[in-house]
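Q: I'm passing along run16.cif; it holds mmCIF, C-alpha atoms.
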data_work
#
loop_
_atom_site.group_PDB
_atom_site.id
_atom_site.type_symbol
_atom_site.label_atom_id
_atom_site.label_comp_id
_atom_site.auth_asym_id
_atom_site.auth_seq_id
_atom_site.Cartn_x
_atom_site.Cartn_y
_atom_site.Cartn_z
ATOM 1 C CA MET A 39 0.000 0.000 0.000
ATOM 2 C CA ILE A 40 2.942 2.311 0.553
ATOM 3 C CA GLY A 41 3.811 1.784 -3.098
ATOM 4 C CA LEU A 42 0.295 2.806 -4.121
ATOM 5 C CA LEU A 43 0.461 5.915 -1.967
ATOM 6 C CA LEU A 44 3.773 6.912 -3.543
ATOM 7 C CA ALA A 45 2.380 6.201 -7.005
ATOM 8 C CA SER A 46 -0.642 8.370 -6.235
ATOM 9 C CA ILE A 47 1.541 11.247 -5.049
ATOM 10 C CA TRP A 48 3.769 10.998 -8.117
ATOM 11 C CA THR A 49 0.696 10.778 -10.363
ATOM 12 C CA TRP A 50 -0.685 14.044 -9.028
ATOM 13 C CA THR A 51 2.753 15.642 -9.350
ATOM 14 C CA ILE A 52 2.846 14.697 -13.031
ATOM 15 C CA ILE A 53 -0.742 15.840 -13.574
ATOM 16 C CA VAL A 54 -0.161 19.299 -12.131
ATOM 17 C CA SER A 55 3.237 19.880 -13.746
ATOM 18 C CA PHE A 56 2.159 18.544 -17.146
ATOM 19 C CA ALA A 57 -1.031 20.625 -17.173
ATOM 20 C CA MET A 58 0.997 23.761 -16.472
ATOM 21 C CA LYS A 59 3.577 22.826 -19.116
ATOM 22 C CA VAL A 60 1.013 22.180 -21.846
ATOM 23 C CA ARG A 61 -0.849 25.384 -21.050
ATOM 24 C CA ARG A 62 2.388 27.366 -21.194
ATOM 25 C CA ILE A 63 3.322 25.804 -24.541
ATOM 26 C CA GLN A 64 -0.114 26.556 -25.984
ATOM 27 C CA ASP A 65 0.102 30.210 -24.968
ATOM 28 C CA ARG A 66 3.616 30.589 -26.339
ATOM 29 C CA THR A 67 2.644 28.781 -29.549
ATOM 30 C CA GLU A 68 -0.150 31.282 -30.163
ATOM 31 C CA LYS A 69 2.282 34.167 -29.696
ATOM 32 C CA PHE A 70 4.866 32.531 -31.957
ATOM 33 C CA GLU A 71 2.355 31.962 -34.754
ATOM 34 C CA ALA A 72 1.095 35.528 -34.482
ATOM 35 C CA ALA A 73 4.666 36.858 -34.649
ATOM 36 C CA TYR A 74 5.453 34.640 -37.639
ATOM 37 C CA SER A 75 2.334 35.769 -39.496
ATOM 38 C CA SER A 76 3.258 39.437 -39.061
ATOM 39 C CA THR A 77 7.003 39.184 -39.767
ATOM 40 C CA GLN A 78 8.427 40.755 -42.896
ATOM 41 C CA ASP A 79 11.930 39.343 -42.485
ATOM 42 C CA VAL A 80 12.101 35.572 -42.126
ATOM 43 C CA ASP A 81 15.889 35.602 -41.673
ATOM 44 C CA ARG A 82 15.663 37.997 -38.739
ATOM 45 C CA PHE A 83 12.793 35.941 -37.318
ATOM 46 C CA PHE A 84 14.958 32.828 -37.615
ATOM 47 C CA GLN A 85 17.821 34.513 -35.777
ATOM 48 C CA LYS A 86 15.454 35.489 -32.982
ATOM 49 C CA TYR A 87 14.084 31.976 -32.442
ATOM 50 C CA LYS A 88 16.939 29.719 -33.572
ATOM 51 C CA LYS A 89 17.728 28.687 -29.970
ATOM 52 C CA SER A 90 14.134 28.431 -28.802
ATOM 53 C CA VAL A 91 12.956 25.243 -27.083
ATOM 54 C CA LEU A 92 9.331 25.850 -28.081
ATOM 55 C CA PRO A 93 8.179 22.818 -30.143
ATOM 56 C CA VAL A 94 6.629 24.837 -32.979
ATOM 57 C CA ALA A 95 9.744 27.024 -33.133
ATOM 58 C CA ARG A 96 11.874 23.910 -33.533
ATOM 59 C CA VAL A 97 9.670 22.844 -36.434
ATOM 60 C CA PHE A 98 10.271 26.251 -38.017
ATOM 61 C CA ILE A 99 14.015 25.995 -37.380
ATOM 62 C CA ALA A 100 14.181 22.518 -38.935
ATOM 63 C CA GLY A 101 12.349 23.751 -42.019
ATOM 64 C CA ILE A 102 14.534 26.817 -42.533
ATOM 65 C CA LYS A 103 17.767 24.880 -41.968
ATOM 66 C CA GLU A 104 16.760 22.249 -44.501
ATOM 67 C CA TRP A 105 15.716 24.983 -46.920
ATOM 68 C CA ARG A 106 19.125 26.624 -46.643
ATOM 69 C CA ARG A 107 21.005 23.358 -47.053
ATOM 70 C CA SER A 108 18.988 22.469 -50.153
ATOM 71 C CA THR A 109 19.098 25.843 -51.908
ATOM 72 C CA THR A 110 22.532 27.315 -51.247
ATOM 73 C CA ALA A 111 24.774 24.875 -53.103
ATOM 74 C CA GLY A 112 24.553 23.960 -56.776
ATOM 75 C CA PRO A 113 21.412 23.465 -58.863
ATOM 76 C CA VAL A 114 18.234 23.268 -56.832
ATOM 77 C CA ASP A 115 16.241 20.046 -57.015
ATOM 78 C CA ARG A 116 12.760 21.418 -56.402
ATOM 79 C CA GLU A 117 10.965 18.126 -55.837
ATOM 80 C CA GLY A 118 13.775 16.779 -53.693
ATOM 81 C CA THR A 119 13.802 19.987 -51.658
ATOM 82 C CA ARG A 120 10.065 19.753 -51.057
ATOM 83 C CA GLU A 121 10.388 16.156 -49.883
ATOM 84 C CA ARG A 122 13.296 16.951 -47.586
ATOM 85 C CA LEU A 123 11.459 19.935 -46.122
ATOM 86 C CA ALA A 124 8.414 17.795 -45.321
ATOM 87 C CA THR A 125 10.570 15.017 -43.880
ATOM 88 C CA ALA A 126 12.616 17.376 -41.687
ATOM 89 C CA MET A 127 9.575 19.148 -40.230
ATOM 90 C CA ASN A 128 7.494 16.002 -39.745
ATOM 91 C CA ALA A 129 10.401 14.282 -38.002
ATOM 92 C CA THR A 130 10.765 17.277 -35.693
ATOM 93 C CA ILE A 131 7.059 17.228 -34.870
ATOM 94 C CA ALA A 132 7.204 13.521 -34.023
ATOM 95 C CA ARG A 133 10.314 13.991 -31.881
ATOM 96 C CA GLU A 134 8.814 16.901 -29.931
ATOM 97 C CA ILE A 135 5.530 15.091 -29.279
ATOM 98 C CA ASP A 136 7.370 11.926 -28.201
ATOM 99 C CA ALA A 137 9.475 13.950 -25.765
ATOM 100 C CA MET A 138 6.396 15.595 -24.257
ATOM 101 C CA ALA A 139 4.480 12.320 -24.029
ATOM 102 C CA ASP A 140 7.298 10.449 -22.303
ATOM 103 C CA ARG A 141 6.042 11.106 -18.764
ATOM 104 C CA LEU A 142 2.512 10.070 -19.720
ATOM 105 C CA ASN A 143 3.670 6.456 -19.836
ATOM 106 C CA PHE A 144 3.773 6.484 -16.042
ATOM 107 C CA LEU A 145 0.125 7.595 -15.909
ATOM 108 C CA ALA A 146 -0.856 4.796 -18.281
ATOM 109 C CA THR A 147 1.036 2.269 -16.169
ATOM 110 C CA VAL A 148 -0.522 3.449 -12.902
ATOM 111 C CA GLY A 149 -3.981 3.529 -14.464
ATOM 112 C CA SER A 150 -3.726 -0.074 -15.628
ATOM 113 C CA VAL A 151 -1.772 -1.628 -12.732
ATOM 114 C CA ALA A 152 -3.000 0.181 -9.603
ATOM 115 C CA PRO A 153 -6.480 -1.436 -9.516
ATOM 116 C CA PHE A 154 -4.926 -4.901 -9.589
ATOM 117 C CA VAL A 155 -2.444 -4.005 -6.861
ATOM 118 C CA GLY A 156 -5.369 -2.712 -4.811
ATOM 119 C CA LEU A 157 -7.279 -5.907 -5.538
ATOM 120 C CA PHE A 158 -4.333 -7.941 -4.325
ATOM 121 C CA GLY A 159 -4.374 -5.902 -1.099
ATOM 122 C CA THR A 160 -8.095 -6.571 -0.809
ATOM 123 C CA VAL A 161 -7.621 -10.324 -1.171
ATOM 124 C CA TRP A 162 -4.767 -10.238 1.317
ATOM 125 C CA GLY A 163 -6.912 -8.391 3.893
ATOM 126 C CA ILE A 164 -9.760 -10.861 3.508
ATOM 127 C CA MET A 165 -7.356 -13.772 3.870
ATOM 128 C CA ARG A 166 -6.099 -12.239 7.104
ATOM 129 C CA SER A 167 -9.683 -11.997 8.349
ATOM 130 C CA PHE A 168 -10.307 -15.681 7.641
ATOM 131 C CA SER A 169 -7.002 -16.581 9.287
ATOM 132 C CA ALA A 170 -8.026 -14.587 12.365
ATOM 133 C CA ILE A 171 -11.383 -16.358 12.470
ATOM 134 C CA ALA A 172 -9.659 -19.733 12.264
ATOM 135 C CA ALA A 173 -7.133 -18.833 14.934
ATOM 136 C CA GLU A 174 -9.640 -17.330 17.360
ATOM 137 C CA GLN A 175 -12.479 -19.728 16.560
ATOM 138 C CA ASN A 176 -14.616 -16.612 16.600
ATOM 139 C CA SER A 177 -16.284 -14.622 13.815
ATOM 140 C CA SER A 178 -17.116 -11.527 15.857
ATOM 141 C CA LEU A 179 -16.596 -8.043 14.446
ATOM 142 C CA ALA A 180 -13.575 -7.464 16.653
ATOM 143 C CA VAL A 181 -11.823 -10.402 14.988
ATOM 144 C CA VAL A 182 -12.651 -9.704 11.331
ATOM 145 C CA ALA A 183 -12.709 -5.891 11.398
ATOM 146 C CA PRO A 184 -8.935 -5.277 11.076
ATOM 147 C CA GLY A 185 -8.606 -7.490 8.001
ATOM 148 C CA ILE A 186 -11.744 -6.094 6.360
ATOM 149 C CA ALA A 187 -10.615 -2.530 7.057
ATOM 150 C CA GLU A 188 -7.239 -3.260 5.499
ATOM 151 C CA ALA A 189 -8.930 -4.794 2.460
ATOM 152 C CA LEU A 190 -11.204 -1.794 1.926
ATOM 153 C CA PHE A 191 -8.331 0.628 2.438
ATOM 154 C CA ALA A 192 -6.247 -1.184 -0.181
ATOM 155 C CA THR A 193 -9.133 -0.999 -2.653
ATOM 156 C CA ALA A 194 -9.623 2.709 -2.000
ATOM 157 C CA ILE A 195 -5.929 3.496 -2.426
ATOM 158 C CA GLY A 196 -5.794 1.533 -5.663
ATOM 159 C CA LEU A 197 -8.760 3.430 -7.102
ATOM 160 C CA PHE A 198 -7.462 6.758 -5.788
ATOM 161 C CA ALA A 199 -4.257 6.186 -7.756
ATOM 162 C CA ALA A 200 -5.825 4.690 -10.885
ATOM 163 C CA ILE A 201 -8.827 6.934 -11.581
ATOM 164 C CA PRO A 202 -6.960 10.273 -11.793
ATOM 165 C CA ALA A 203 -4.191 8.606 -13.801
ATOM 166 C CA VAL A 204 -6.601 7.269 -16.419
ATOM 167 C CA ILE A 205 -8.546 10.531 -16.687
ATOM 168 C CA ALA A 206 -5.359 12.608 -16.919
ATOM 169 C CA TYR A 207 -3.780 10.272 -19.473
ATOM 170 C CA ASN A 208 -6.798 10.472 -21.772
ATOM 171 C CA ARG A 209 -7.095 14.226 -21.365
ATOM 172 C CA PHE A 210 -3.405 14.931 -21.932
ATOM 173 C CA SER A 211 -3.271 12.567 -24.900
ATOM 174 C CA HIS A 212 -6.094 14.555 -26.478
ATOM 175 C CA ARG A 213 -4.289 17.844 -25.843
ATOM 176 C CA LEU A 214 -1.056 16.472 -27.306
ATOM 177 C CA ASN A 215 -2.949 15.304 -30.388
ATOM 178 C CA LYS A 216 -4.333 18.819 -30.818
ATOM 179 C CA LEU A 217 -0.867 20.309 -30.384
ATOM 180 C CA GLU A 218 0.562 17.850 -32.905
ATOM 181 C CA ALA A 219 -2.148 18.786 -35.401
ATOM 182 C CA ARG A 220 -1.451 22.470 -34.811
ATOM 183 C CA MET A 221 2.263 22.020 -35.461
ATOM 184 C CA GLY A 222 1.389 20.006 -38.539
ATOM 185 C CA ARG A 223 -0.719 22.874 -39.878
ATOM 186 C CA PHE A 224 2.123 25.296 -39.217
ATOM 187 C CA ALA A 225 4.551 22.986 -41.026
ATOM 188 C CA ASP A 226 2.162 22.736 -43.981
ATOM 189 C CA GLY A 227 1.935 26.521 -44.177
ATOM 190 C CA LEU A 228 5.714 26.930 -44.017
ATOM 191 C CA HIS A 229 6.132 24.197 -46.602
ATOM 192 C CA ALA A 230 3.708 25.984 -48.933
ATOM 193 C CA SER A 231 5.533 29.305 -48.494
ATOM 194 C CA LEU A 232 8.928 27.769 -49.219
ATOM 195 C CA SER A 233 7.515 25.880 -52.198
ATOM 196 C CA ARG A 234 6.328 29.169 -53.674
ATOM 197 C CA GLU A 235 9.829 30.522 -53.204
ATOM 198 C CA LEU A 236 11.121 27.564 -55.216
ATOM 199 C CA GLU A 237 8.681 28.328 -58.003
ATOM 200 C CA LEU A 238 9.624 32.003 -58.056
ATOM 201 C CA GLY A 239 13.301 31.132 -58.116
ATOM 202 C CA ALA A 240 12.810 28.844 -61.065
ATOM 203 C CA ARG A 241 11.249 31.584 -63.199
#
Would you mind writing the file out in structure tokens?

A:
Amino acid sequence: MIGLLLASIWTWTIIVSFAMKVRRIQDRTEKFEAAYSSTQDVDRFFQKYKKSVLPVARVFIAGIKEWRRSTTAGPVDREGTRERLATAMNATIAREIDAMADRLNFLATVGSVAPFVGLFGTVWGIMRSFSAIAAEQNSSLAVVAPGIAEALFATAIGLFAAIPAVIAYNRFSHRLNKLEARMGRFADGLHASLSRELELGAR
């Protein structure tokens, strides 16, 4: 049961910290997209954000770096450049989402395992009650109450750890999916802009 209590405490720590982190990233992403939409100098914008740890900024950085590598040396392969741009940005999106989702694995584990650990504690408490009855040759409440109380407490602790973990995991997974889709839309927009630059350069 001590393990379940520790798991519950760590679960709530992850829930609170992850909720704050995702909210902060969403707010900063909105500001980044607004700044990108209004910028007139992409190179200066790149210099400003090239060391940013914001996921959408890293997608932008990956796209611009690949663009520069593909267009600054020799003849430009337009189709190859488009493919490399998409690959670089999509790989960055996947890497950023995987890094953010890493701690959610603990919530999934607690949500699936904690009820069974609590059930084991329940069975153990009931077994102790039956052992006490056999030892005392008495089935009074004073004999069975400690074991039953332990069994119910183990069940409660298991559910207290599992229910928030499952709810938080589902909720955070949904928010990460929305963030991934948002970064994907940004990458598509950047890809379209750079593709137009390729077309203009070819004329």

Q: Have a look at A:Val91, A:Val60, A:Asp115, A:Leu123 and name the one nearest to Ala230 in chain A; count all atoms listed in the file.

A: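 Checking each of A:Val91, A:Val60, A:Asp115, A:Leu123 against Ala230 in chain A, counting all atoms listed in the file, the winner is A:Leu123.
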
Q: Show me, as a list in words, the residues that have an atom within 12 Å of Arg106 in chain A when counting all atoms listed in the file, minus same-chain residues fewer than 3 positions from it.

A: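 Using all atoms listed in the file, the neighbours found are Asp81, Phe84, Ile99, Ala100, Gly101, Ile102, Lys103, Thr109, Thr110, Ala111, Gly112, Val114, Thr119, Arg122, Leu123, Leu232 and Leu236 of chain A.
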
Q: Using the chain letters and numbering of this document, enumerate as a list of chain:residue names the residues selected by the PyMOL selection byres ((chain A and resi 229) around 9).

A: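 That selection, the PyMOL selection byres ((chain A and resi 229) around 9), comes back as A:Gly101, A:Arg120, A:Leu123, A:Ala124, A:Met127, A:Phe224, A:Ala225, A:Asp226, A:Gly227, A:Leu228, A:Ala230, A:Ser231, A:Leu232, A:Ser233, A:Arg234.
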
Q: For the atom pair CA of Ala132 in chain A and CA of Asn215 in chain A, what is the interatomic distance in Å to one decimal place?

A: 10.9 Å

Q: Which distance in Å separates CA of Glu237 in chain A and CA of Trp105 in chain A, to one decimal?

A: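 Taking CA of Glu237 in chain A and CA of Trp105 in chain A, their separation equals 13.5 Å.
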
Q: Between A:Phe210, A:Phe98, A:Phe198, A:Tyr87, single out the one closest to Ile135 in chain A, counting all atoms listed in the file.

A: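 Under the stated criterion, the closest residue is A:Phe210.
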
Q: Between CA of Val80 in chain A and CA of Thr125 in chain A, measure the distance and give it in Å to one decimal.

A: 20.7 Å

Q: Just the residues within 12 Å of Ser150 in chain A, please, counting only C-alpha atoms, with nothing from its chain fewer than 6 positions along; format it as a count of residues only.

A: 13

Q: For the point (6.8, 10.6, -18.4) in the file's frame, write as a VMD selection string all residues with an atom no more than 12 Å away, counting only C-alpha atoms.

A: chain A and resid 48 to 49 51 to 53 55 to 56 135 to 148 207 210

Q: Give the answer as one residue: which of A:Val54, A:Gly118, A:Ala95, A:Lys89 has the shortest atom-to-atom distance to Glu68 in chain A, using all atoms listed in the file?

A: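 For Glu68 in chain A, the nearest of the candidates is A:Ala95.
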
Q: Draw an axis-aligned box over all listed atoms of range 142-151 of chain A, pad each side with 4 Å, and write its centre and edge lengths in Å, one decimal, as AutoDock Vina command-line options.

A:
--center_x -0.1 --center_y 4.2 --center_z -16.3 --size_x 15.8 --size_y 19.7 --size_z 15.1

Q: Convert the output of the PyMOL selection byres ((chain A and resi 63) around 12) on the shown file into explicit residues, formatted as a ChimeraX atom specification.

A: /A:56-62,64-71,90-95,134-135,138,213-214,217-218,220-221
